[in-house]
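Trainee: Pasting model.tsv here (TSV, C-alpha atoms):
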```tsv
chain	number	residue	atom	x	y	z
A	1	MET	CA	0.00	0.00	0.00
A	2	HIS	CA	1.19	3.53	-0.74
A	3	TRP	CA	1.44	6.03	2.13
A	4	THR	CA	2.05	9.77	2.00
A	5	VAL	CA	3.94	10.98	5.08
A	6	VAL	CA	3.45	14.51	6.38
A	7	ALA	CA	5.40	15.86	9.36
A	8	PRO	CA	6.41	19.39	10.41
A	9	PHE	CA	10.10	18.42	10.65
A	10	ILE	CA	10.37	16.97	7.13
A	11	ARG	CA	12.09	19.70	5.15
A	12	GLU	CA	13.54	18.14	2.00
A	13	GLN	CA	11.95	15.15	0.34
A	14	SER	CA	15.27	13.67	-0.77
A	15	ASP	CA	16.86	13.26	2.67
A	16	SER	CA	14.04	13.35	5.24
A	17	GLN	CA	12.46	9.91	5.24
A	18	TRP	CA	11.91	9.66	9.02
A	19	LEU	CA	10.95	6.07	9.97
A	20	THR	CA	9.99	4.78	6.55
A	21	PRO	CA	13.34	3.08	5.73
A	22	PHE	CA	12.92	0.94	8.86
A	23	VAL	CA	9.53	-0.51	7.94
A	24	PRO	CA	10.25	-4.17	7.09
A	25	GLY	CA	9.12	-5.91	3.93
A	26	GLN	CA	7.92	-4.60	0.59
A	27	ARG	CA	4.19	-4.29	1.18
A	28	HIS	CA	4.22	-0.52	1.85
A	29	GLN	CA	5.69	2.33	-0.19
A	30	PHE	CA	6.15	5.90	1.03
A	31	ARG	CA	6.42	9.46	-0.15
A	32	CYS	CA	7.26	12.33	2.23
A	33	VAL	CA	5.73	15.78	1.74
A	34	PRO	CA	8.21	18.48	2.89
A	35	ARG	CA	7.20	21.47	4.97
A	36	GLN	CA	7.50	24.98	3.60
A	37	GLY	CA	8.77	27.75	5.87
A	38	SER	CA	10.60	27.66	9.17
A	39	THR	CA	10.08	25.21	12.01
A	40	ILE	CA	8.86	26.49	15.38
A	41	ASN	CA	11.08	26.16	18.45
A	42	TRP	CA	8.40	25.43	21.04
A	43	HIS	CA	10.74	26.15	23.96
A	44	GLU	CA	11.24	29.68	22.66
A	45	ALA	CA	7.59	30.30	21.71
A	46	ALA	CA	5.82	33.03	23.62
A	47	LEU	CA	2.67	30.95	24.04
A	48	PRO	CA	2.22	27.17	24.46
A	49	VAL	CA	-0.31	27.01	21.62
A	50	THR	CA	-0.19	26.82	17.83
A	51	GLY	CA	-0.55	30.29	16.32
A	52	ARG	CA	-2.52	31.32	13.23
A	53	GLU	CA	0.48	31.46	10.89
A	54	GLU	CA	1.63	28.01	12.00
A	55	TRP	CA	-1.87	26.59	11.46
A	56	LEU	CA	-1.79	28.03	7.93
A	57	ARG	CA	1.54	26.34	7.17
A	58	LEU	CA	0.23	23.05	8.53
A	59	TRP	CA	-2.96	23.40	6.50
A	60	ASN	CA	-0.97	23.98	3.31
A	61	GLN	CA	1.32	21.03	4.02
A	62	SER	CA	-1.62	18.72	4.73
A	63	GLN	CA	-3.36	19.98	1.58
A	64	GLU	CA	-0.32	18.97	-0.46
A	65	ALA	CA	-0.37	15.56	1.20
A	66	VAL	CA	-4.04	15.01	0.37
A	67	LYS	CA	-3.45	16.03	-3.25
A	68	ALA	CA	-0.41	13.76	-3.56
A	69	LYS	CA	-1.84	10.69	-1.83
A	70	GLN	CA	-2.20	7.44	-3.71
A	71	GLY	CA	-3.44	5.41	-0.76
A	72	GLY	CA	-3.29	6.51	2.87
A	73	ILE	CA	-1.66	9.30	4.87
A	74	ILE	CA	0.61	9.14	7.92
A	75	THR	CA	0.69	12.33	10.00
A	76	VAL	CA	3.05	13.33	12.81
A	77	PHE	CA	1.74	15.44	15.75
A	78	PRO	CA	-1.93	16.19	16.49
A	79	GLN	CA	-2.12	19.43	14.49
A	80	LEU	CA	-1.41	17.70	11.19
A	81	ALA	CA	-3.78	14.86	12.09
A	82	ALA	CA	-6.49	17.49	12.60
A	83	THR	CA	-5.81	19.39	9.38
A	84	VAL	CA	-5.68	16.19	7.30
A	85	GLY	CA	-8.86	15.02	9.02
A	86	LEU	CA	-10.65	18.25	8.15
A	87	GLN	CA	-9.61	18.02	4.52
A	88	GLN	CA	-10.83	14.45	4.48
A	89	ARG	CA	-14.22	15.63	5.72
A	90	PHE	CA	-14.36	18.46	3.16
A	91	ALA	CA	-13.45	16.07	0.33
A	92	LEU	CA	-16.30	13.74	1.37
A	93	LYS	CA	-14.00	10.83	0.63
A	94	ARG	CA	-12.57	8.37	3.13
A	95	PHE	CA	-8.95	7.32	2.97
A	96	PRO	CA	-6.79	5.64	5.65
A	97	VAL	CA	-5.11	7.98	8.13
A	98	VAL	CA	-2.57	6.98	10.78
A	99	ALA	CA	-1.79	9.73	13.31
A	100	TRP	CA	1.69	9.12	14.74
A	101	TRP	CA	3.09	10.89	17.80
A	102	PHE	CA	-0.39	11.97	18.89
A	103	ASN	CA	0.55	13.82	22.07
A	104	VAL	CA	-2.07	16.37	23.10
A	105	GLY	CA	-0.81	18.81	25.71
A	106	THR	CA	-4.30	19.72	26.92
A	107	CYS	CA	-7.61	17.92	26.41
A	108	TYR	CA	-9.67	21.03	25.80
A	109	SER	CA	-13.39	21.33	26.42
A	110	GLY	CA	-16.03	23.41	24.63
A	111	LEU	CA	-15.53	24.52	21.02
A	112	LYS	CA	-11.95	23.22	20.78
A	113	ALA	CA	-13.05	19.77	21.92
A	114	TRP	CA	-15.90	19.79	19.38
A	115	LEU	CA	-13.49	20.74	16.58
A	116	ALA	CA	-11.04	18.02	17.63
A	117	CYS	CA	-13.75	15.35	17.75
A	118	ASN	CA	-15.08	16.27	14.32
A	119	SER	CA	-11.72	16.61	12.59
A	120	LEU	CA	-10.31	13.36	14.03
A	121	LYS	CA	-13.34	11.06	13.96
A	122	ASP	CA	-12.23	9.21	10.79
A	123	VAL	CA	-8.59	8.62	11.80
A	124	ASN	CA	-7.91	4.88	11.69
A	125	ARG	CA	-5.09	4.72	14.25
A	126	PHE	CA	-3.70	7.12	16.82
A	127	ILE	CA	-0.15	6.26	17.92
A	128	VAL	CA	0.62	7.43	21.45
A	129	HIS	CA	3.86	7.12	23.35
A	130	THR	CA	2.61	6.40	26.86
A	131	SER	CA	0.13	3.65	27.63
A	132	CYS	CA	-2.11	5.90	29.75
A	133	GLU	CA	-2.86	8.16	26.78
A	134	ARG	CA	-4.88	5.45	25.06
A	135	GLU	CA	-7.79	5.69	27.48
A	136	ILE	CA	-7.43	9.45	28.02
A	137	TYR	CA	-7.79	10.29	24.33
A	138	SER	CA	-10.36	7.57	23.68
A	139	GLN	CA	-12.66	9.11	26.27
A	140	TRP	CA	-11.89	12.69	25.22
A	141	LEU	CA	-12.65	12.09	21.54
A	142	GLY	CA	-15.40	9.53	22.11
A	143	LEU	CA	-13.64	6.98	19.90
A	144	PRO	CA	-13.07	3.23	20.41
A	145	LEU	CA	-10.07	2.33	22.56
A	146	GLU	CA	-8.76	-0.06	19.90
A	147	ARG	CA	-8.01	2.86	17.59
A	148	PHE	CA	-5.31	4.04	20.01
A	149	GLU	CA	-2.04	2.15	20.18
A	150	PHE	CA	0.94	2.59	22.45
A	151	VAL	CA	4.34	2.50	20.74
A	152	PRO	CA	7.43	3.51	22.76
A	153	LEU	CA	8.78	6.88	21.67
A	154	GLN	CA	11.38	6.49	18.94
A	155	VAL	CA	14.68	8.32	19.36
A	156	PRO	CA	17.52	7.51	16.92
A	157	GLU	CA	20.82	6.30	18.33
A	158	ILE	CA	22.79	9.22	19.76
A	159	PRO	CA	26.58	8.83	19.50
A	160	VAL	CA	28.21	9.33	22.90
A	161	THR	CA	31.25	11.46	22.16
A	162	TYR	CA	31.64	13.41	25.42
A	163	LYS	CA	32.63	12.24	28.88
A	164	GLU	CA	31.19	13.32	32.19
A	165	GLU	CA	32.47	16.72	33.29
A	166	THR	CA	34.53	16.06	36.42
A	167	THR	CA	36.22	19.43	36.94
A	168	ARG	CA	32.94	21.32	37.43
A	169	PRO	CA	30.28	18.57	37.63
A	170	PHE	CA	26.67	19.54	37.17
A	171	ILE	CA	23.06	18.44	36.94
A	172	LEU	CA	21.20	18.99	33.66
A	173	ALA	CA	17.47	19.61	33.28
A	174	THR	CA	15.86	20.24	29.88
A	175	GLY	CA	12.42	20.93	28.45
A	176	SER	CA	9.49	23.25	29.01
A	177	ALA	CA	6.20	21.34	29.17
A	178	CYS	CA	4.81	20.77	32.68
A	179	ARG	CA	8.21	21.28	34.30
A	180	ASP	CA	8.48	21.88	38.05
A	181	TYR	CA	11.55	24.08	38.03
A	182	PRO	CA	10.66	25.83	41.31
A	183	LEU	CA	10.96	22.44	43.05
A	184	LEU	CA	14.30	21.72	41.34
A	185	PHE	CA	15.63	25.14	42.27
A	186	GLU	CA	14.74	24.56	45.92
A	187	ALA	CA	16.46	21.16	45.89
A	188	VAL	CA	19.73	22.32	44.33
A	189	LYS	CA	19.86	25.30	46.68
A	190	LYS	CA	19.75	22.89	49.62
A	191	LEU	CA	22.43	20.68	48.06
A	192	ASN	CA	24.51	23.56	46.64
A	193	ILE	CA	25.06	21.67	43.37
A	194	ARG	CA	25.80	23.34	40.06
A	195	THR	CA	22.79	22.94	37.75
A	196	VAL	CA	22.17	23.81	34.10
A	197	VAL	CA	18.56	24.28	32.97
A	198	VAL	CA	17.98	24.35	29.21
A	199	SER	CA	14.45	25.58	28.70
A	200	GLY	CA	12.70	28.65	27.33
A	201	PRO	CA	11.77	32.06	28.71
A	202	ARG	CA	8.12	31.01	29.01
A	203	ALA	CA	8.88	28.08	31.33
A	204	LEU	CA	11.17	30.18	33.54
A	205	ALA	CA	9.17	33.41	33.54
A	206	GLY	CA	8.69	34.87	37.01
A	207	LEU	CA	10.96	32.36	38.74
A	208	SER	CA	13.76	33.36	41.07
A	209	VAL	CA	16.81	31.55	39.72
A	210	PRO	CA	19.29	30.65	42.49
A	211	PRO	CA	23.04	31.24	42.04
A	212	GLN	CA	23.67	27.49	41.62
A	213	VAL	CA	21.62	27.47	38.39
A	214	GLU	CA	22.65	28.51	34.87
A	215	THR	CA	19.92	29.05	32.24
A	216	PRO	CA	21.45	29.33	28.75
A	217	PHE	CA	18.93	30.17	26.02
A	218	GLY	CA	19.02	29.50	22.29
A	219	LEU	CA	21.23	26.41	22.34
A	220	GLU	CA	21.33	24.19	19.27
A	221	ARG	CA	20.34	20.54	19.59
A	222	GLN	CA	23.93	19.28	19.42
A	223	GLU	CA	24.91	21.59	22.27
A	224	ILE	CA	22.06	20.23	24.40
A	225	LEU	CA	23.10	16.64	23.66
A	226	ARG	CA	26.67	17.49	24.62
A	227	LEU	CA	25.46	18.84	27.96
A	228	GLY	CA	23.37	15.70	28.45
A	229	GLN	CA	26.48	13.56	28.08
A	230	GLU	CA	28.69	15.77	30.24
A	231	ALA	CA	26.18	16.05	33.09
A	232	ARG	CA	26.64	13.82	36.12
A	233	ILE	CA	22.85	13.44	36.41
A	234	ASN	CA	19.92	14.28	34.11
A	235	VAL	CA	16.85	15.42	36.08
A	236	VAL	CA	13.34	15.84	34.67
A	237	PRO	CA	11.19	17.52	37.37
A	238	MET	CA	7.50	17.65	36.44
A	239	THR	CA	4.10	18.78	37.60
A	240	GLN	CA	0.99	16.64	37.23
A	241	GLU	CA	-0.59	18.81	34.52
A	242	GLY	CA	-1.64	17.43	31.14
A	243	PRO	CA	-1.94	13.83	29.91
A	244	THR	CA	1.84	13.31	29.79
A	245	ALA	CA	5.14	15.19	29.65
A	246	GLY	CA	8.90	14.77	29.70
A	247	THR	CA	9.04	11.63	27.59
A	248	ARG	CA	11.48	12.87	24.95
A	249	ALA	CA	13.91	14.39	27.46
A	250	ILE	CA	13.90	11.14	29.42
A	251	VAL	CA	14.37	8.84	26.43
A	252	GLU	CA	17.17	10.95	24.95
A	253	ALA	CA	19.09	10.85	28.23
A	254	MET	CA	18.52	7.09	28.49
A	255	ARG	CA	19.72	6.58	24.90
A	256	MET	CA	22.97	8.29	25.92
A	257	SER	CA	23.45	5.89	28.87
A	258	ARG	CA	22.83	8.65	31.40
A	259	ALA	CA	21.37	8.20	34.86
A	260	VAL	CA	17.97	9.92	35.04
A	261	ILE	CA	15.83	11.17	37.92
A	262	ALA	CA	12.24	11.98	36.96
A	263	THR	CA	9.00	12.83	38.72
A	264	ARG	CA	6.56	9.96	39.02
A	265	ARG	CA	3.56	10.90	36.87
A	266	SER	CA	1.32	9.42	34.21
A	267	GLY	CA	3.21	7.60	31.48
A	268	ILE	CA	6.72	7.83	32.91
A	269	GLU	CA	6.75	4.26	34.23
A	270	ASP	CA	6.51	3.03	30.64
A	271	TYR	CA	10.19	4.03	30.43
A	272	ILE	CA	11.67	4.33	33.91
A	273	LYS	CA	11.50	1.31	36.16
A	274	ASP	CA	12.42	2.77	39.54
A	275	GLY	CA	15.85	1.59	40.61
A	276	GLU	CA	16.43	-0.29	37.34
A	277	THR	CA	16.48	2.15	34.41
A	278	GLY	CA	16.32	5.36	36.45
A	279	ILE	CA	14.98	6.85	39.67
A	280	LEU	CA	11.44	8.12	40.22
A	281	VAL	CA	10.60	10.72	42.85
A	282	GLU	CA	7.23	11.69	44.24
A	283	PRO	CA	5.62	14.87	42.88
A	284	ASN	CA	5.77	18.07	44.94
A	285	SER	CA	8.30	16.54	47.36
A	286	VAL	CA	11.49	18.55	47.67
A	287	ASP	CA	12.77	16.11	50.29
A	288	ASP	CA	12.35	13.15	47.93
A	289	LEU	CA	14.14	15.00	45.14
A	290	VAL	CA	16.97	16.10	47.44
A	291	GLN	CA	17.49	12.54	48.67
A	292	ALA	CA	17.49	11.09	45.14
A	293	ILE	CA	19.96	13.68	43.81
A	294	ASP	CA	22.25	13.33	46.83
A	295	LYS	CA	22.28	9.53	46.55
A	296	LEU	CA	22.94	9.43	42.81
A	297	TRP	CA	25.43	12.32	42.85
A	298	ASN	CA	27.67	10.43	45.28
A	299	ASP	CA	27.35	6.89	43.89
A	300	GLN	CA	29.22	6.43	40.61
A	301	GLU	CA	28.54	2.69	40.51
A	302	LEU	CA	24.78	3.28	40.74
A	303	ARG	CA	24.93	5.95	38.03
A	304	GLU	CA	26.77	3.59	35.69
A	305	ARG	CA	24.39	0.68	36.35
A	306	LEU	CA	21.29	2.79	35.78
A	307	GLY	CA	22.79	4.30	32.63
A	308	GLN	CA	23.69	0.92	31.17
A	309	GLU	CA	20.23	-0.50	31.84
A	310	ALA	CA	18.61	2.64	30.43
A	311	ALA	CA	20.64	2.33	27.23
A	312	ARG	CA	19.78	-1.36	26.89
A	313	TYR	CA	16.05	-0.76	27.40
A	314	THR	CA	15.85	2.11	24.91
A	315	ALA	CA	17.97	0.29	22.31
A	316	GLU	CA	15.49	-2.59	22.40
A	317	ASN	CA	12.28	-0.54	22.56
A	318	CYS	CA	12.90	3.03	21.34
A	319	SER	CA	15.21	2.57	18.35
A	320	ASP	CA	14.43	3.35	14.71
A	321	GLU	CA	14.30	-0.38	14.04
A	322	ALA	CA	11.81	-1.06	16.86
A	323	ALA	CA	9.57	1.82	15.80
A	324	GLY	CA	9.79	0.79	12.13
A	325	ALA	CA	8.70	-2.74	13.01
A	326	ALA	CA	5.75	-1.34	14.99
A	327	MET	CA	4.82	0.93	12.10
A	328	GLY	CA	4.87	-1.96	9.65
A	329	ARG	CA	2.58	-4.01	11.89
A	330	ILE	CA	0.11	-1.13	12.31
A	331	LEU	CA	0.07	-0.28	8.60
A	332	ASP	CA	-0.60	-3.95	7.83
A	333	GLN	CA	-3.59	-3.85	10.20
A	334	VAL	CA	-5.02	-0.67	8.67
A	335	ALA	CA	-4.51	-1.94	5.11
A	336	ASN	CA	-6.29	-5.17	5.97
A	337	GLU	CA	-9.17	-3.36	7.67
A	338	THR	CA	-9.66	-0.97	4.75
A	339	HIS	CA	-9.09	-3.71	2.14
A	340	LEU	CA	-6.32	-1.70	0.50
A	341	GLY	CA	-2.75	-2.64	-0.28
```
Can the structure from this file be put into structure tokens for me?

Mentor:
Amino acid sequence: MHWTVVAPFIREQSDSQWLTPFVPGQRHQFRCVPRQGSTINWHEAALPVTGREEWLRLWNQSQEAVKAKQGGIITVFPQLAATVGLQQRFALKRFPVVAWWFNVGTCYSGLKAWLACNSLKDVNRFIVHTSCEREIYSQWLGLPLERFEFVPLQVPEIPVTYKEETTRPFILATGSACRDYPLLFEAVKKLNIRTVVVSGPRALAGLSVPPQVETPFGLERQEILRLGQEARINVVPMTQEGPTAGTRAIVEAMRMSRAVIATRRSGIEDYIKDGETGILVEPNSVDDLVQAIDKLWNDQELRERLGQEAARYTAENCSDEAAGAAMGRILDQVANETHLG
């Protein structure tokens, strides 16, 4: 079966094939539709919502995908699933749609919920990256649970080319969504440990940053990965807001064999098994976070064991190959159900 792939990070058709080379077998063929215009840096965005200009770019990209399709469409992120779904409704013609990386930050009510339900009602599969999201989105959209499938978040192998910084060791925390940086700041003040927080102005607005904390803005991805490898500990402190958060930051650190401390919240236990592949701390507990950081900071053997197990788990479950195999299985199911391909 032929699939048209549309994602906001696909820029040039010739070299941006995402997961498609890792789908096994010859049953499915793919074409990627590149995005026009710049890509948003969500950490630097002034508001945590998609603006009008971005919606227009997504609409145009999804329109190109619908025009180019020869079978079904694979979308990445909820916004493109919604715009493709709307165009499907306007065209009055059903075609298979698989919505990958369907991570909704907020399950809105009112008009936004009505628009989401109507634009997404004909999507064949929603791929989520924490198991708890299946039931959350099924209930929110009023759609059968079997349309939602959990696939561990795919992160390509990250070459480890930097060693832990030993002269001026530090903790690293990254990300913006649902982060509890006030709690982290309180913990590192008590411990007096150098900490680097790579986030955006929106996530840190109004916070009093202690002297132990550095907050560099505008770093490129490779610089952030370097910091992740040089850090003694990667910490992902989170609130309980939203369906899920922190998954990508956690999986990237695990892929780099780093020891991770994260807040226990919905979805995180799909990746971190406490004491095996990382350490989980209770939400809103500065004492729990202080104890976890202090223990891991001073136990190199524990850091190495957790990092090795984290790397093994993510290599088996979060690699391109694992995600490609899952995609092939899901596309086979959808093709069989729709009697195409």

Trainee: Tell me, in Å to one decimal, how far atom CA of Lys190 of chain A is from atom CA of Pro211 of chain A.

Mentor: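 Separation of atom CA of Lys190 of chain A and atom CA of Pro211 of chain A: 11.7 Å.
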
Trainee: What residues have an atom no more than 12 Å from (9.5, 11.7, 45.3) in the file's own frame, counting all atoms listed in the file, and can you write them as a PDB file with C-alpha atoms, keeping the file's coordinate frame?

Mentor:
```
ATOM      1  CA  LEU A 183      10.960  22.440  43.050  1.00  0.00           C
ATOM      2  CA  LEU A 184      14.300  21.720  41.340  1.00  0.00           C
ATOM      3  CA  ALA A 187      16.460  21.160  45.890  1.00  0.00           C
ATOM      4  CA  PRO A 237      11.190  17.520  37.370  1.00  0.00           C
ATOM      5  CA  MET A 238       7.500  17.650  36.440  1.00  0.00           C
ATOM      6  CA  THR A 239       4.100  18.780  37.600  1.00  0.00           C
ATOM      7  CA  ILE A 261      15.830  11.170  37.920  1.00  0.00           C
ATOM      8  CA  ALA A 262      12.240  11.980  36.960  1.00  0.00           C
ATOM      9  CA  THR A 263       9.000  12.830  38.720  1.00  0.00           C
ATOM     10  CA  ARG A 264       6.560   9.960  39.020  1.00  0.00           C
ATOM     11  CA  ARG A 265       3.560  10.900  36.870  1.00  0.00           C
ATOM     12  CA  ASP A 274      12.420   2.770  39.540  1.00  0.00           C
ATOM     13  CA  ILE A 279      14.980   6.850  39.670  1.00  0.00           C
ATOM     14  CA  LEU A 280      11.440   8.120  40.220  1.00  0.00           C
ATOM     15  CA  VAL A 281      10.600  10.720  42.850  1.00  0.00           C
ATOM     16  CA  GLU A 282       7.230  11.690  44.240  1.00  0.00           C
ATOM     17  CA  PRO A 283       5.620  14.870  42.880  1.00  0.00           C
ATOM     18  CA  ASN A 284       5.770  18.070  44.940  1.00  0.00           C
ATOM     19  CA  SER A 285       8.300  16.540  47.360  1.00  0.00           C
ATOM     20  CA  VAL A 286      11.490  18.550  47.670  1.00  0.00           C
ATOM     21  CA  ASP A 287      12.770  16.110  50.290  1.00  0.00           C
ATOM     22  CA  ASP A 288      12.350  13.150  47.930  1.00  0.00           C
ATOM     23  CA  LEU A 289      14.140  15.000  45.140  1.00  0.00           C
ATOM     24  CA  VAL A 290      16.970  16.100  47.440  1.00  0.00           C
ATOM     25  CA  GLN A 291      17.490  12.540  48.670  1.00  0.00           C
ATOM     26  CA  ALA A 292      17.490  11.090  45.140  1.00  0.00           C
ATOM     27  CA  ILE A 293      19.960  13.680  43.810  1.00  0.00           C
TER      28      ILE A 293
END
```

Trainee: For the point (26.1, 1.6, 30.5) in the file's frame, write as a PDB file with C-alpha atoms, in the frame of the given file all residues with an atom no more than 10 Å away, counting only C-alpha atoms.

Mentor:
```pdb
ATOM      1  CA  MET A 254      18.520   7.090  28.490  1.00  0.00           C
ATOM      2  CA  ARG A 255      19.720   6.580  24.900  1.00  0.00           C
ATOM      3  CA  MET A 256      22.970   8.290  25.920  1.00  0.00           C
ATOM      4  CA  SER A 257      23.450   5.890  28.870  1.00  0.00           C
ATOM      5  CA  ARG A 258      22.830   8.650  31.400  1.00  0.00           C
ATOM      6  CA  ALA A 259      21.370   8.200  34.860  1.00  0.00           C
ATOM      7  CA  ARG A 303      24.930   5.950  38.030  1.00  0.00           C
ATOM      8  CA  GLU A 304      26.770   3.590  35.690  1.00  0.00           C
ATOM      9  CA  ARG A 305      24.390   0.680  36.350  1.00  0.00           C
ATOM     10  CA  LEU A 306      21.290   2.790  35.780  1.00  0.00           C
ATOM     11  CA  GLY A 307      22.790   4.300  32.630  1.00  0.00           C
ATOM     12  CA  GLN A 308      23.690   0.920  31.170  1.00  0.00           C
ATOM     13  CA  GLU A 309      20.230  -0.500  31.840  1.00  0.00           C
ATOM     14  CA  ALA A 310      18.610   2.640  30.430  1.00  0.00           C
ATOM     15  CA  ALA A 311      20.640   2.330  27.230  1.00  0.00           C
ATOM     16  CA  ARG A 312      19.780  -1.360  26.890  1.00  0.00           C
TER      17      ARG A 312
END
```

Trainee: What separation in Å, quoted to one decimal, exists between atom CA of Arg57 of chain A and atom CA of Cys32 of chain A?

Mentor: 15.9 Å

Trainee: Could you name the residues that touch segment 170-182 of chain A at 7 Å or less, counting all atoms listed in the file, but leaving out those on the same chain fewer than 6 positions away, as a list in words?

Mentor: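 With the cut-off at 7 Å, the set is His43, Ile193, Arg194, Thr195, Val196, Val197, Val198, Ser199, Gly200, Ala203, Gly228, Ala231, Arg232, Ile233, Asn234, Val235, Val236, Pro237, Met238, Thr239, Glu241, Ala245 and Ala249 of chain A.
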
Trainee: Counting all atoms listed in the file, which residue out of A:Gln229, A:Pro34, A:Trp55, A:Trp3 sits closest to Ile158 of chain A?

Mentor: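 The shortest atom-to-atom distance to Ile158 of chain A comes from A:Gln229.
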
Trainee: Name the residues in contact with Ala82 of chain A at a cut-off of 12 Å, using only C-alpha atoms, excluding same-chain residues fewer than 3 positions from it; report them as a count of residues only.

Mentor: 35

Trainee: Could you tell me how far atom CA of Val188 of chain A sits from atom CA of Ser208 of chain A, in Å to one decimal place?

Mentor: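 Value for the atom CA of Ser208 of chain A-atom CA of Val188 of chain A distance: 13.0 Å.
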
Trainee: Within 6 Å of Val23 of chain A, counting all atoms listed in the file, which residues show up once you throw out same-chain ones fewer than 6 positions away? Write them as a ChimeraX atom specification, please.

Mentor: /A:324-325,328

Trainee: Taking the partial coordinates given, rebuild segment 295-307 of chain A to contain N, CA, C and O atoms; return it as a compact mmCIF listing (two decimals), in the coordinates of the input.

Mentor:
```
# COMPACT_ATOMS: atom_id res chain seq x y z
N LYS A 295 21.87 10.93 46.66
CA LYS A 295 22.28 9.53 46.55
C LYS A 295 22.98 9.26 45.23
O LYS A 295 24.07 8.66 45.19
N LEU A 296 22.38 9.72 44.13
CA LEU A 296 22.94 9.43 42.81
C LEU A 296 24.21 10.23 42.56
O LEU A 296 25.15 9.74 41.92
N TRP A 297 24.27 11.45 43.04
CA TRP A 297 25.43 12.32 42.85
C TRP A 297 26.69 11.69 43.44
O TRP A 297 27.79 11.82 42.89
N ASN A 298 26.52 10.97 44.55
CA ASN A 298 27.67 10.43 45.28
C ASN A 298 27.90 8.94 45.06
O ASN A 298 28.70 8.34 45.78
N ASP A 299 27.22 8.33 44.12
CA ASP A 299 27.35 6.89 43.89
C ASP A 299 27.60 6.63 42.41
O ASP A 299 26.68 6.43 41.62
N GLN A 300 28.86 6.62 42.02
CA GLN A 300 29.22 6.43 40.61
C GLN A 300 28.78 5.06 40.10
O GLN A 300 28.31 4.93 38.97
N GLU A 301 28.93 4.03 40.92
CA GLU A 301 28.54 2.69 40.51
C GLU A 301 27.05 2.61 40.18
O GLU A 301 26.66 2.00 39.18
N LEU A 302 26.23 3.26 40.99
CA LEU A 302 24.78 3.28 40.74
C LEU A 302 24.47 4.04 39.46
O LEU A 302 23.65 3.60 38.66
N ARG A 303 25.15 5.17 39.25
CA ARG A 303 24.93 5.95 38.03
C ARG A 303 25.24 5.11 36.80
O ARG A 303 24.49 5.11 35.82
N GLU A 304 26.35 4.40 36.84
CA GLU A 304 26.77 3.59 35.69
C GLU A 304 25.79 2.45 35.45
O GLU A 304 25.45 2.15 34.30
N ARG A 305 25.33 1.80 36.51
CA ARG A 305 24.39 0.68 36.35
C ARG A 305 23.07 1.16 35.77
O ARG A 305 22.53 0.56 34.83
N LEU A 306 22.54 2.25 36.30
CA LEU A 306 21.29 2.79 35.78
C LEU A 306 21.44 3.22 34.33
O LEU A 306 20.54 2.98 33.49
N GLY A 307 22.57 3.86 34.00
CA GLY A 307 22.79 4.30 32.63
C GLY A 307 22.87 3.15 31.65
O GLY A 307 22.34 3.22 30.55
```
